[in-house]
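Structure data (mmCIF, C-alpha atoms and all ligand atoms) from start_4.cif:
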data_query
#
loop_
_atom_site.label_atom_id
_atom_site.label_comp_id
_atom_site.auth_asym_id
_atom_site.auth_seq_id
_atom_site.Cartn_x
_atom_site.Cartn_y
_atom_site.Cartn_z
CA MET A 1 -58.83 25.19 -69.30
CA LYS A 2 -60.17 28.69 -70.18
CA LYS A 3 -59.98 29.33 -73.89
CA VAL A 4 -59.34 32.91 -74.99
CA LEU A 5 -59.50 34.24 -78.49
CA GLY A 6 -56.14 35.53 -79.42
CA VAL A 7 -53.31 35.23 -81.82
CA VAL A 8 -50.81 32.68 -80.74
CA ALA A 9 -47.56 34.50 -81.50
CA CYS A 10 -45.60 31.70 -82.98
CA ALA A 11 -42.43 31.70 -85.05
CA ALA A 12 -44.14 29.31 -87.38
CA VAL A 13 -47.71 29.66 -88.59
CA ALA A 14 -50.04 26.67 -88.58
CA THR A 15 -50.77 25.65 -92.13
CA SER A 16 -54.18 24.13 -92.61
CA MET A 17 -54.13 21.38 -95.18
CA VAL A 18 -57.93 21.45 -95.68
CA MET A 19 -59.06 22.60 -99.12
CA GLY A 20 -62.42 20.90 -99.54
CA ALA A 21 -65.83 20.94 -97.81
CA ASN A 22 -66.99 18.86 -94.80
CA ALA A 23 -64.02 20.00 -92.74
CA GLU A 24 -65.95 19.10 -89.61
CA ASP A 25 -65.91 15.42 -90.62
CA LEU A 26 -62.12 15.34 -90.74
CA ILE A 27 -59.90 14.28 -87.84
CA LYS A 28 -58.09 17.46 -86.80
CA VAL A 29 -54.41 16.77 -86.06
CA GLY A 30 -51.85 19.31 -84.89
CA PHE A 31 -48.24 18.36 -85.72
CA ALA A 32 -45.38 20.36 -84.12
CA GLN A 33 -42.42 19.35 -86.27
CA VAL A 34 -38.77 20.00 -85.22
CA GLY A 35 -37.93 22.12 -88.25
CA HIS A 36 -36.37 21.69 -91.69
CA GLU A 37 -32.71 21.18 -90.71
CA SER A 38 -31.88 17.98 -92.60
CA ASP A 39 -32.72 15.52 -95.38
CA TRP A 40 -34.07 13.26 -92.65
CA ARG A 41 -36.48 15.97 -91.51
CA THR A 42 -37.65 16.56 -95.07
CA ALA A 43 -38.44 12.84 -95.44
CA SER A 44 -40.22 12.80 -92.08
CA THR A 45 -42.38 15.84 -92.95
CA LYS A 46 -43.22 14.54 -96.44
CA SER A 47 -44.33 11.22 -94.96
CA ALA A 48 -46.54 12.92 -92.36
CA GLN A 49 -48.17 15.22 -94.92
CA GLU A 50 -48.89 12.24 -97.19
CA VAL A 51 -50.38 10.18 -94.34
CA PHE A 52 -52.43 12.92 -92.66
CA SER A 53 -54.02 14.15 -95.89
CA GLU A 54 -57.60 15.31 -96.44
CA GLU A 55 -58.29 12.35 -98.69
CA ASN A 56 -57.23 10.09 -95.81
CA GLY A 57 -59.72 11.89 -93.56
CA TYR A 58 -57.46 14.36 -91.77
CA ASP A 59 -57.22 18.11 -91.33
CA LEU A 60 -53.50 18.54 -90.66
CA GLN A 61 -52.41 21.67 -88.83
CA PHE A 62 -48.65 21.52 -89.51
CA VAL A 63 -46.14 23.80 -87.74
CA ASP A 64 -42.43 23.85 -88.68
CA CYS A 65 -40.88 25.03 -85.39
CA ASP A 66 -37.53 25.89 -86.98
CA ASN A 67 -35.47 24.15 -84.27
CA ASP A 68 -36.84 26.67 -81.72
CA SER A 69 -38.08 25.02 -78.51
CA ALA A 70 -40.07 28.08 -77.39
CA ALA A 71 -41.86 28.17 -80.74
CA GLN A 72 -42.62 24.47 -80.40
CA LEU A 73 -44.27 24.94 -77.00
CA GLU A 74 -46.28 27.84 -78.45
CA ALA A 75 -47.32 25.66 -81.41
CA VAL A 76 -48.66 23.00 -79.04
CA ARG A 77 -50.59 25.64 -77.07
CA GLY A 78 -51.93 26.90 -80.37
CA PHE A 79 -53.28 23.42 -81.12
CA ILE A 80 -55.03 23.41 -77.71
CA GLU A 81 -56.61 26.79 -78.59
CA GLN A 82 -57.80 25.29 -81.88
CA ASP A 83 -59.20 22.31 -79.94
CA VAL A 84 -57.68 19.74 -82.32
CA ASP A 85 -58.54 16.07 -81.86
CA TYR A 86 -54.93 14.89 -81.51
CA ILE A 87 -51.49 16.47 -81.12
CA ILE A 88 -48.31 14.97 -82.58
CA ILE A 89 -44.97 16.27 -81.27
CA ASP A 90 -41.44 15.61 -82.52
CA PRO A 91 -39.65 17.19 -79.52
CA ILE A 92 -36.66 19.34 -80.43
CA VAL A 93 -35.22 18.65 -76.98
CA ALA A 94 -36.08 15.93 -74.49
CA THR A 95 -36.95 18.09 -71.46
CA GLY A 96 -39.24 21.01 -70.54
CA TRP A 97 -42.44 19.22 -71.56
CA ASP A 98 -44.46 18.35 -68.44
CA THR A 99 -46.28 21.69 -68.09
CA VAL A 100 -47.58 21.85 -71.65
CA LEU A 101 -48.41 18.13 -71.70
CA THR A 102 -50.47 18.71 -68.54
CA GLU A 103 -52.31 21.47 -70.42
CA CYS A 104 -53.01 18.99 -73.27
CA GLU A 105 -54.25 16.44 -70.71
CA ASP A 106 -56.49 19.07 -69.04
CA ALA A 107 -57.89 19.93 -72.48
CA GLY A 108 -58.61 16.24 -73.14
CA ILE A 109 -56.37 16.14 -76.23
CA PRO A 110 -54.28 12.95 -76.58
CA VAL A 111 -50.63 13.49 -77.51
CA VAL A 112 -48.54 11.11 -79.63
CA VAL A 113 -44.76 11.63 -79.71
CA ILE A 114 -42.92 10.83 -82.96
CA ASP A 115 -39.19 10.27 -83.52
CA ARG A 116 -37.33 11.93 -80.65
CA THR A 117 -38.33 11.24 -77.04
CA ILE A 118 -39.68 13.31 -74.17
CA ASP A 119 -37.69 12.35 -71.08
CA ASP A 120 -39.31 14.47 -68.31
CA SER A 121 -42.97 13.56 -68.66
CA ASP A 122 -45.08 10.50 -69.58
CA LYS A 123 -48.27 12.48 -70.23
CA TYR A 124 -48.56 11.22 -73.77
CA VAL A 125 -50.40 8.21 -75.16
CA SER A 126 -47.71 6.66 -77.32
CA TRP A 127 -44.21 7.20 -78.81
CA VAL A 128 -43.01 5.91 -82.19
CA GLY A 129 -39.35 6.30 -83.10
CA SER A 130 -35.83 4.90 -83.06
CA ASN A 131 -33.53 3.56 -80.38
CA PHE A 132 -30.79 6.15 -80.49
CA LEU A 133 -28.68 4.42 -77.83
CA THR A 134 -28.65 1.28 -80.00
CA GLU A 135 -27.68 3.37 -83.02
CA GLY A 136 -24.72 4.78 -81.07
CA LYS A 137 -23.69 1.32 -79.86
CA ALA A 138 -23.95 -0.02 -83.42
CA CYS A 139 -21.50 2.65 -84.57
CA GLY A 140 -19.08 1.73 -81.78
CA GLU A 141 -19.36 -2.02 -82.31
CA TRP A 142 -18.86 -1.64 -86.06
CA LEU A 143 -15.79 0.58 -85.56
CA LYS A 144 -14.36 -1.98 -83.13
CA GLU A 145 -14.60 -4.74 -85.76
CA TYR A 146 -13.48 -2.45 -88.59
CA ALA A 147 -10.42 -1.17 -86.70
CA ALA A 148 -9.38 -4.74 -85.92
CA ALA A 149 -9.85 -5.87 -89.52
CA LYS A 150 -7.88 -2.88 -90.84
CA GLY A 151 -5.13 -3.18 -88.22
CA MET A 152 -5.76 0.31 -86.84
CA ASP A 153 -3.49 0.35 -83.78
CA GLU A 154 -4.91 3.72 -82.68
CA VAL A 155 -8.48 5.06 -82.80
CA ASN A 156 -8.54 8.85 -82.29
CA VAL A 157 -12.07 10.13 -82.72
CA LEU A 158 -13.72 13.46 -83.40
CA VAL A 159 -17.50 13.60 -82.96
CA ILE A 160 -19.86 16.13 -84.55
CA GLU A 161 -22.97 15.85 -82.36
CA GLY A 162 -26.57 16.60 -83.26
CA THR A 163 -28.69 19.28 -81.61
CA ASN A 164 -27.58 19.18 -77.97
CA GLY A 165 -30.35 18.07 -75.62
CA SER A 166 -32.19 16.14 -78.31
CA SER A 167 -32.71 12.46 -77.49
CA ALA A 168 -31.04 11.57 -80.82
CA GLN A 169 -27.86 13.40 -79.78
CA ILE A 170 -27.96 12.02 -76.23
CA GLY A 171 -28.51 8.41 -77.29
CA ARG A 172 -26.00 8.35 -80.13
CA THR A 173 -23.35 10.07 -77.98
CA ASP A 174 -23.87 7.76 -74.98
CA GLY A 175 -24.10 4.59 -77.05
CA PHE A 176 -20.88 5.26 -78.97
CA LYS A 177 -19.06 6.43 -75.82
CA GLU A 178 -19.93 3.18 -74.02
CA VAL A 179 -17.96 1.22 -76.63
CA ALA A 180 -15.21 3.84 -76.96
CA ASP A 181 -14.55 3.77 -73.21
CA ALA A 182 -14.54 -0.04 -73.15
CA GLU A 183 -12.05 -0.10 -76.05
CA GLY A 184 -9.86 2.65 -74.64
CA TRP A 185 -10.24 4.87 -77.70
CA THR A 186 -9.49 8.59 -77.49
CA ILE A 187 -12.39 10.94 -78.17
CA LEU A 188 -10.43 14.11 -78.89
CA ASP A 189 -13.51 16.35 -79.03
CA SER A 190 -17.30 16.25 -79.35
CA GLN A 191 -19.12 19.43 -80.42
CA ASP A 192 -22.67 20.35 -81.51
CA GLY A 193 -23.22 20.60 -85.28
CA ASP A 194 -27.00 21.04 -84.85
CA PHE A 195 -27.81 18.34 -87.41
CA THR A 196 -27.12 20.79 -90.26
CA GLN A 197 -24.61 20.78 -93.13
CA ALA A 198 -23.41 24.26 -92.20
CA GLY A 199 -22.98 23.16 -88.60
CA GLY A 200 -21.00 20.10 -89.63
CA GLN A 201 -18.73 22.15 -91.86
CA GLU A 202 -18.12 24.80 -89.19
CA VAL A 203 -17.22 22.26 -86.51
CA MET A 204 -15.01 20.26 -88.89
CA GLU A 205 -13.15 23.41 -90.03
CA SER A 206 -12.36 24.09 -86.38
CA TYR A 207 -11.32 20.48 -85.81
CA CYS A 208 -8.97 20.50 -88.83
CA LYS A 209 -7.14 23.44 -87.28
CA SER A 210 -7.16 22.26 -83.65
CA TYR A 211 -6.45 18.55 -84.23
CA GLU A 212 -4.40 18.55 -87.45
CA GLY A 213 -2.80 15.13 -87.94
CA GLN A 214 -4.20 13.77 -84.65
CA PHE A 215 -7.47 12.11 -85.74
CA ASN A 216 -8.33 9.09 -87.89
CA VAL A 217 -12.10 8.76 -87.25
CA VAL A 218 -14.91 11.33 -87.61
CA ILE A 219 -18.39 10.42 -86.33
CA CYS A 220 -21.17 12.68 -87.68
CA GLN A 221 -24.52 12.29 -85.93
CA ASN A 222 -26.42 12.82 -89.17
CA ASP A 223 -25.88 12.77 -92.94
CA ASN A 224 -25.95 16.52 -93.44
CA GLU A 225 -23.22 17.12 -90.88
CA ALA A 226 -21.14 14.53 -92.76
CA PHE A 227 -21.58 16.43 -96.05
CA GLY A 228 -20.40 19.60 -94.30
CA ALA A 229 -17.46 17.73 -92.75
CA MET A 230 -16.47 16.46 -96.22
CA ASP A 231 -16.32 20.03 -97.55
CA ALA A 232 -14.19 21.13 -94.59
CA MET A 233 -11.78 18.19 -94.85
CA LYS A 234 -11.45 18.63 -98.62
CA ALA A 235 -10.53 22.30 -98.07
CA ALA A 236 -7.99 21.29 -95.41
CA GLY A 237 -6.46 18.58 -97.60
CA VAL A 238 -7.60 15.74 -95.31
CA SER A 239 -8.52 12.52 -97.16
CA TYR A 240 -11.50 10.47 -95.94
CA GLY A 241 -13.36 7.28 -96.83
CA PRO A 242 -12.16 3.67 -97.13
CA GLU A 243 -9.13 4.77 -99.19
CA GLY A 244 -8.46 7.90 -97.13
CA ASP A 245 -6.69 8.77 -93.88
CA VAL A 246 -9.95 9.30 -91.98
CA VAL A 247 -12.84 6.89 -91.36
CA LEU A 248 -15.99 9.01 -91.85
CA VAL A 249 -19.38 7.71 -90.70
CA SER A 250 -22.88 9.17 -90.36
CA PHE A 251 -26.31 8.39 -88.92
CA ASP A 252 -29.63 8.55 -90.84
CA GLY A 253 -29.05 6.94 -94.26
CA ASN A 254 -31.10 9.15 -96.57
CA LYS A 255 -30.50 8.51 -100.29
CA PRO A 256 -27.73 11.15 -100.75
CA ALA A 257 -25.77 9.55 -97.90
CA MET A 258 -26.24 6.04 -99.28
CA GLU A 259 -25.00 7.32 -102.66
CA SER A 260 -22.01 8.78 -100.82
CA LEU A 261 -21.45 5.43 -99.10
CA LEU A 262 -21.54 3.60 -102.43
CA ALA A 263 -19.13 6.16 -103.91
CA GLY A 264 -16.62 5.57 -101.07
CA ASP A 265 -16.81 8.98 -99.34
CA LEU A 266 -18.60 7.59 -96.29
CA THR A 267 -17.26 4.36 -94.77
CA ALA A 268 -20.38 3.41 -92.80
CA VAL A 269 -23.94 4.67 -92.22
CA PHE A 270 -26.16 3.83 -89.24
CA GLU A 271 -29.74 4.07 -90.39
CA CYS A 272 -32.46 6.07 -88.65
CA ASN A 273 -35.83 5.48 -90.31
CA PRO A 274 -37.81 8.73 -90.86
CA LEU A 275 -41.02 7.02 -91.97
CA ALA A 276 -42.82 6.74 -88.60
CA ALA A 277 -45.96 8.63 -89.69
CA PRO A 278 -47.86 5.52 -90.93
CA THR A 279 -47.35 3.89 -87.51
CA VAL A 280 -48.46 7.07 -85.76
CA GLU A 281 -51.58 7.08 -87.95
CA ALA A 282 -52.32 3.51 -86.86
CA VAL A 283 -52.08 4.70 -83.23
CA LEU A 284 -54.64 7.46 -83.94
CA GLN A 285 -56.96 4.93 -85.56
CA GLN A 286 -56.70 2.75 -82.44
CA LEU A 287 -57.62 5.77 -80.30
CA GLN A 288 -60.53 6.56 -82.64
CA ALA A 289 -61.74 2.98 -82.08
CA GLY A 290 -61.42 3.34 -78.29
CA GLU A 291 -58.45 0.96 -78.15
CA THR A 292 -55.24 1.40 -76.11
CA PRO A 293 -52.09 1.61 -78.28
CA GLU A 294 -48.61 0.41 -77.29
CA LYS A 295 -46.76 3.04 -75.23
CA GLU A 296 -43.60 2.56 -77.31
CA THR A 297 -43.06 1.36 -80.90
CA TYR A 298 -39.57 1.13 -82.39
CA MET A 299 -38.75 1.63 -86.06
CA VAL A 300 -36.86 -1.08 -87.96
CA GLU A 301 -33.46 0.09 -89.21
CA GLY A 302 -30.12 -1.35 -90.30
CA TRP A 303 -26.38 -0.78 -90.54
CA PHE A 304 -24.55 -0.23 -93.81
CA ALA A 305 -20.91 -0.09 -94.95
CA ASN A 306 -18.96 0.62 -98.13
CA GLU A 307 -16.93 -2.59 -97.90
CA ASP A 308 -17.81 -6.09 -96.69
CA VAL A 309 -14.99 -6.03 -94.12
CA VAL A 310 -17.45 -6.38 -91.20
CA SER A 311 -20.40 -8.66 -91.98
CA SER A 312 -22.12 -8.49 -88.60
CA ILE A 313 -21.89 -6.83 -85.18
CA THR A 314 -23.17 -7.82 -81.75
CA ILE A 315 -25.23 -5.26 -79.83
CA ASP A 316 -26.31 -6.14 -76.27
CA GLY A 317 -25.73 -9.82 -77.06
CA GLU A 318 -27.75 -9.77 -80.30
CA GLU A 319 -25.95 -10.38 -83.60
CA GLN A 320 -27.05 -7.96 -86.32
CA PRO A 321 -26.02 -7.89 -90.01
CA VAL A 322 -23.99 -5.11 -91.63
CA THR A 323 -25.11 -4.64 -95.25
CA GLN A 324 -22.58 -3.68 -97.91
CA MET A 325 -23.96 -0.86 -100.04
CA THR A 326 -24.39 -1.87 -103.69
CA ASP A 327 -26.32 -0.47 -106.67
CA GLU A 328 -29.05 -3.03 -105.99
CA VAL A 329 -29.35 -2.19 -102.26
CA LEU A 330 -29.45 1.53 -103.14
CA ALA A 331 -32.13 1.03 -105.80
CA ASN A 332 -34.38 -0.70 -103.25
CA ARG A 333 -34.20 2.03 -100.61
CA ALA A 334 -37.54 3.64 -99.63
CA TYR A 335 -36.00 7.09 -98.93
C1 LIG B 1 -33.43 11.36 -85.40
C2 LIG B 1 -33.84 12.73 -85.87
C3 LIG B 1 -32.63 13.52 -86.19
C4 LIG B 1 -31.91 13.02 -87.43
C5 LIG B 1 -31.41 14.29 -88.01
O1 LIG B 1 -34.53 10.56 -85.27
O2 LIG B 1 -34.58 13.41 -84.87
O3 LIG B 1 -33.00 14.87 -86.44
O4 LIG B 1 -30.89 12.11 -87.15
C6 LIG B 1 -32.61 15.19 -87.78
O5 LIG B 1 -31.06 14.25 -89.37
O6 LIG B 1 -32.28 16.49 -87.95
#

Translate this file's structure into structure tokens.
Ligand code: GZL
Amino acid sequence: MKKVLGVVACAAVATSMVMGANAEDLIKVGFAQVGHESDWRTASTKSAQEVFSEENGYDLQFVDCDNDSAAQLEAVRGFIEQDVDYIIIDPIVATGWDTVLTECEDAGIPVVVIDRTIDDSDKYVSWVGSNFLTEGKACGEWLKEYAAAKGMDEVNVLVIEGTNGSSAQIGRTDGFKEVADAEGWTILDSQDGDFTQAGGQEVMESYCKSYEGQFNVVICQNDNEAFGAMDAMKAAGVSYGPEGDVVLVSFDGNKPAMESLLAGDLTAVFECNPLAAPTVEAVLQQLQAGETPEKETYMVEGWFANEDVVSSITIDGEEQPVTQMTDEVLANRAY
């Protein structure tokens, strides 16, 4: 590929993490991060910056792509221009990747995908992340058991989705819908809250007007949307939580959400582990050693509830525990 000097006009500017000498001895890694939209993202970025530090032997070129797919593609092309050793991508959306991944391949730069998936190209060495379809199914299977235990004769659901087109939104939506359809539940509406607190509040404000008195379950596809939904429901006089009129659940499980679960605002949380960077680093070390890493590595994550009404759920034939949130469980959380 011809390399031209030029400024890569990018919404986000690569931030070199190298302060000391001997920069040429460091492994140069370009990381195109989704953005800074959520607590989950903050934890993911912090983990990556700790792992790919200069003292660990890395020169991290970090780009926050601000949830802008065009900026993310430009960031990756910028890494090619800089001739980094490896490129890490957390893809904002799952498609539109084959062209730029071909450019990475032509430049001889291995790509590792972290967290979300790329669904229209396999021109990357390895992916490390979560099974979003399983997370969605876990939410559905838990609600099935919870509704039965609580004698809920109707389940009328509102969903606040994550960034549309992201694999997290696709998987969680499809997984939950599979159970909802099998159970005959009514999904009254399902709109994009963009994984942000403001987005969750805006969608929930609209829902409180359009579906007043019609819903008894709200599924938020991340913690921050759930915090926004709480503000909207409070303002509309809608009660939520185990003692309220509405079952409110979220995905992710960062500390603020687990505190909310313990306090009885959230009824259940379906964990999505943001700490994939150490596993990605192990992949890079394998590549450095000339070894072939696994194509896919899944993060370990669990399911949590405020009460011990449902002690386990079965997902695709496998029984999995549901952990009741307590002070002790909260104190032992890594993030
Ligand atoms: C999922 C991750 C999602 C989180 C959100 O792995 O990509 O993006 O669920 C984050 O909090 O914004």

A:Ala182, A:Ile219, A:Val269, A:Ala70 ranked by distance to Lys144 (chain A), top pick (using all atoms listed in the file):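 Among the listed residues, A:Ala182 lies closest to Lys144 (chain A).
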
Using all atoms of ligand LIG 1 (chain B) listed in the file and a margin of 3 Å per side, can you give the axis-aligned box centre and edge lengths in Å to one decimal, as JSON?
{"center_x": -32.7, "center_y": 13.5, "center_z": -87.1, "size_x": 9.7, "size_y": 11.9, "size_z": 10.5}

Top pick for closest residue to ligand LIG 1 (chain B), considering A:Ser53, A:Thr45, A:Thr267, A:Ser312 and counting all atoms listed in the file: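 The closest residue to ligand LIG 1 (chain B) is A:Thr45.
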
Between A:Ala147, A:Val203, A:Val29, A:Ala305, which is the closest to Thr326 (chain A) once you count all atoms listed in the file?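 Nearest candidate to Thr326 (chain A) out of A:Ala147, A:Val203, A:Val29, A:Ala305: A:Ala305.
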
Ranking A:Ser130, A:Ser167, A:Gln61, A:Thr323 by minimum distance to Phe79 (chain A) and counting all atoms listed in the file, which one comes first? A:Gln61

Pick the closest to Asp308 (chain A) from A:Ala334, A:Ile92, A:Leu262, A:Ala277: which is it, counting all atoms listed in the file?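 Closest to Asp308 (chain A), using all atoms listed in the file: A:Leu262.
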